[in-house]
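Reviewing the structure listed below.
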Amino acid sequence: MNETVGKLIDSPWTELAARWVLGAIFLFAAFHKIMAPEIFAKAIYSYGLFPENSINLIAIILPLLELFSGLSLVFGLYYRGGIAILCGLLSIFIAALSTNLIRGHQFDCGCFSAGGPNSGSDVVNLLIRDILFLIAGWYLLVFKGHRRCCIQKKI
Amino acid sequence: MPFGNIFKELLTLLGVSIATALVINFFSPAGIAVFGNWDTTAGVVSAKPKGYQDTVSAEINDVESAKAIFDQGGAVFIDARSEASFLQGHVADAVSLPVGQFFEKIQMLLNRYEPSTTMVTYCSGRTCDDSHKLARLLTDVGYLNVRIFIDGYPAWVESGYPSE
């Protein structure tokens, strides 16, 4: 049983699947934020954690960081840098969500288009999702085997 | 792979992302200002659209001034919140026009009110900028006197002013 799991973890196909799925998820996430930076900025504000002067800059830059990191994973070009960025972003998301969960911070802007996650259960779901993504990110970062479908040759 | 190479890749991706982000934001119609207003004491919080035109002169900054306009009569209060929020309670005689359903419902308003009518938009207070979005849309379709009651319905109710 353990041997089977070990083989699965070391398989280039598992690495490829994890890299493509994580890359595609971030591409999808980036697309919505790029199309509506105003709504994303409000979502960042709703966390109540970031300095006021940084909110718009985060809303402008972060989606493109997700986009290029997602592309790097899908095409296998600069993928380790891309994985490192995604792991860093996921760690920040997890820290932000946990902080608000612990301090019981909830935000409702009363807007027609909602901002960030509001109820406790939403936050817990997001937290579990991001932790799973982070585990996948770490797996991709430390993977030592052959990587399939990469534009970049292994250095 | 040595950490130095990972770091170089990371910096390359970071540089490309920042440069592309600024270019896209500059050319995109959905682009936002580099700095928004996120301080409720300075007004309604919002990322501010790019090329933001100051609407401060159109803002009604305190609930008493909004009540004075209400008492004068002739002004129409327009509720930018969702229909469900409107049904739970709204400024007396206000008209519901959720900002997300603007184009479905605007014709009804155009048929009923002249372009010279004073329109006062409101939503849920200073953390909500739907009233600003609605004010921009109303101005775009030809209304000439659009004001924004930035403290919105919660402040109106708290002051005990007429609602239904």
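Simple scheme: letters A, B, ... for chains in structure tokens order, numbers from 1 for residues in each chain, numbers from 1 for ligands in the order shown.
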Check: which chain A residues lie within 7 Å of chain B using only C-alpha atoms, as a list in words: Met35, Ala36, Pro37, Glu38, Ala41, Lys42, Glu52, Asn53, Asn56, Leu57, Ile60, Ile61, Leu64, Leu65, Phe68, Tyr78, Arg80, Gly81, Gly82, Ile85, Cys109, Gly110, Cys111, Phe112 and Ile155 of chain A
Residue subset to file, keeping N, CA and C atoms, as a JSON list (two decimals), in the first residue's frame:
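File produced: again35.json:
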[["chain", "number", "residue", "atom", "x", "y", "z"],
["A", 35, "MET", "N", -10.46, 41.40, -14.66],
["A", 35, "MET", "CA", -11.64, 42.00, -15.30],
["A", 35, "MET", "C", -12.35, 43.00, -14.37],
["A", 36, "ALA", "N", -12.23, 42.79, -13.06],
["A", 36, "ALA", "CA", -12.95, 43.67, -12.13],
["A", 36, "ALA", "C", -12.06, 44.05, -10.94],
["A", 37, "PRO", "N", -11.04, 44.89, -11.18],
["A", 37, "PRO", "CA", -10.12, 45.25, -10.09],
["A", 37, "PRO", "C", -10.80, 46.03, -8.96],
["A", 38, "GLU", "N", -11.86, 46.75, -9.32],
["A", 38, "GLU", "CA", -12.57, 47.56, -8.32],
["A", 38, "GLU", "C", -13.20, 46.65, -7.25],
["A", 41, "ALA", "N", -10.44, 45.09, -5.15],
["A", 41, "ALA", "CA", -9.89, 46.04, -4.16],
["A", 41, "ALA", "C", -10.80, 46.10, -2.93],
["A", 42, "LYS", "N", -12.11, 46.08, -3.17],
["A", 42, "LYS", "CA", -13.06, 46.11, -2.06],
["A", 42, "LYS", "C", -12.92, 44.84, -1.20],
["A", 52, "GLU", "N", -4.07, 51.29, 3.93],
["A", 52, "GLU", "CA", -4.97, 51.89, 2.92],
["A", 52, "GLU", "C", -4.26, 52.19, 1.60],
["A", 53, "ASN", "N", -3.01, 52.68, 1.69],
["A", 53, "ASN", "CA", -2.29, 53.06, 0.47],
["A", 53, "ASN", "C", -1.88, 51.88, -0.38],
["A", 56, "ASN", "N", -5.08, 49.46, -3.49],
["A", 56, "ASN", "CA", -5.23, 49.50, -4.95],
["A", 56, "ASN", "C", -4.05, 48.85, -5.65],
["A", 57, "LEU", "N", -2.83, 49.08, -5.13],
["A", 57, "LEU", "CA", -1.65, 48.48, -5.77],
["A", 57, "LEU", "C", -1.71, 46.96, -5.70],
["A", 60, "ILE", "N", -4.14, 45.78, -8.28],
["A", 60, "ILE", "CA", -3.65, 45.90, -9.65],
["A", 60, "ILE", "C", -2.60, 44.81, -9.94],
["A", 61, "ILE", "N", -1.67, 44.59, -9.00],
["A", 61, "ILE", "CA", -0.51, 43.73, -9.28],
["A", 61, "ILE", "C", -0.77, 42.25, -9.00],
["A", 64, "LEU", "N", -2.01, 39.80, -11.77],
["A", 64, "LEU", "CA", -1.03, 39.52, -12.82],
["A", 64, "LEU", "C", 0.06, 38.57, -12.32],
["A", 65, "LEU", "N", 0.36, 38.68, -11.03],
["A", 65, "LEU", "CA", 1.32, 37.75, -10.41],
["A", 65, "LEU", "C", 0.74, 36.33, -10.45],
["A", 68, "PHE", "N", 0.84, 35.15, -14.32],
["A", 68, "PHE", "CA", 2.14, 34.70, -14.84],
["A", 68, "PHE", "C", 2.65, 33.47, -14.10],
["A", 78, "TYR", "N", 10.10, 28.61, -16.07],
["A", 78, "TYR", "CA", 10.31, 29.33, -14.81],
["A", 78, "TYR", "C", 9.34, 28.81, -13.75],
["A", 80, "ARG", "N", 9.64, 26.80, -11.19],
["A", 80, "ARG", "CA", 9.97, 26.78, -9.75],
["A", 80, "ARG", "C", 9.78, 28.17, -9.14],
["A", 81, "GLY", "N", 10.12, 29.20, -9.90],
["A", 81, "GLY", "CA", 9.86, 30.57, -9.43],
["A", 81, "GLY", "C", 8.36, 30.78, -9.27],
["A", 82, "GLY", "N", 7.59, 30.27, -10.26],
["A", 82, "GLY", "CA", 6.12, 30.40, -10.22],
["A", 82, "GLY", "C", 5.53, 29.66, -9.02],
["A", 85, "ILE", "N", 6.26, 31.59, -5.87],
["A", 85, "ILE", "CA", 5.35, 32.75, -5.72],
["A", 85, "ILE", "C", 3.97, 32.28, -5.24],
["A", 109, "CYS", "N", -20.23, 44.98, 3.42],
["A", 109, "CYS", "CA", -20.27, 46.36, 2.91],
["A", 109, "CYS", "C", -21.70, 46.77, 2.56],
["A", 110, "GLY", "N", -22.63, 45.80, 2.56],
["A", 110, "GLY", "CA", -24.01, 46.14, 2.20],
["A", 110, "GLY", "C", -24.14, 46.47, 0.73],
["A", 111, "CYS", "N", -23.15, 46.02, -0.04],
["A", 111, "CYS", "CA", -23.14, 46.37, -1.46],
["A", 111, "CYS", "C", -23.94, 45.35, -2.27],
["A", 112, "PHE", "N", -24.34, 45.78, -3.45],
["A", 112, "PHE", "CA", -25.06, 44.88, -4.36],
["A", 112, "PHE", "C", -24.14, 43.74, -4.76],
["A", 155, "ILE", "N", 17.33, 22.35, -15.03],
["A", 155, "ILE", "CA", 18.67, 22.92, -14.80],
["A", 155, "ILE", "C", 19.30, 22.25, -13.58]]
Range 103-107 of chain B surroundings by only C-alpha atoms, 12 Å radius, close-in-sequence under 4 positions cut, as a ChimeraX atom specification: /B:78,80,83,95-99,111-114,134,137-143
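Note that the spacing between CA of Arg136 in chain B and CA of Ser46 in chain A amounts to 23.7 Å.
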One-decimal distance in Å that lies between CA of Ile148 in chain B and CA of Asp62 in chain B: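 Straight-line distance from CA of Asp62 in chain B to CA of Ile148 in chain B works out to 10.6 Å.
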8 Å contact set for range 74-77 of chain B, only C-alpha atoms, chain neighbours under 2 positions out, as a ChimeraX atom specification: /B:69-70,72,79,91,93-95,117-122
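Summary of the local environment: counting only C-alpha atoms, residues at most 10 Å from Arg129 in chain A, other than itself and those fewer than 6 positions away along its chain, are Leu90, Ile94 and Val123 of chain A.
Rounded to one decimal, CA of Asp130 in chain A and CA of Arg148 in chain A lie 25.1 Å from each other.
Those residues that approach Lys33 in chain A to within 8 Å, counting only C-alpha atoms, are Ile39, Phe40, Ala59 and Pro63 of chain A; same-chain residues fewer than 6 positions away are not listed.
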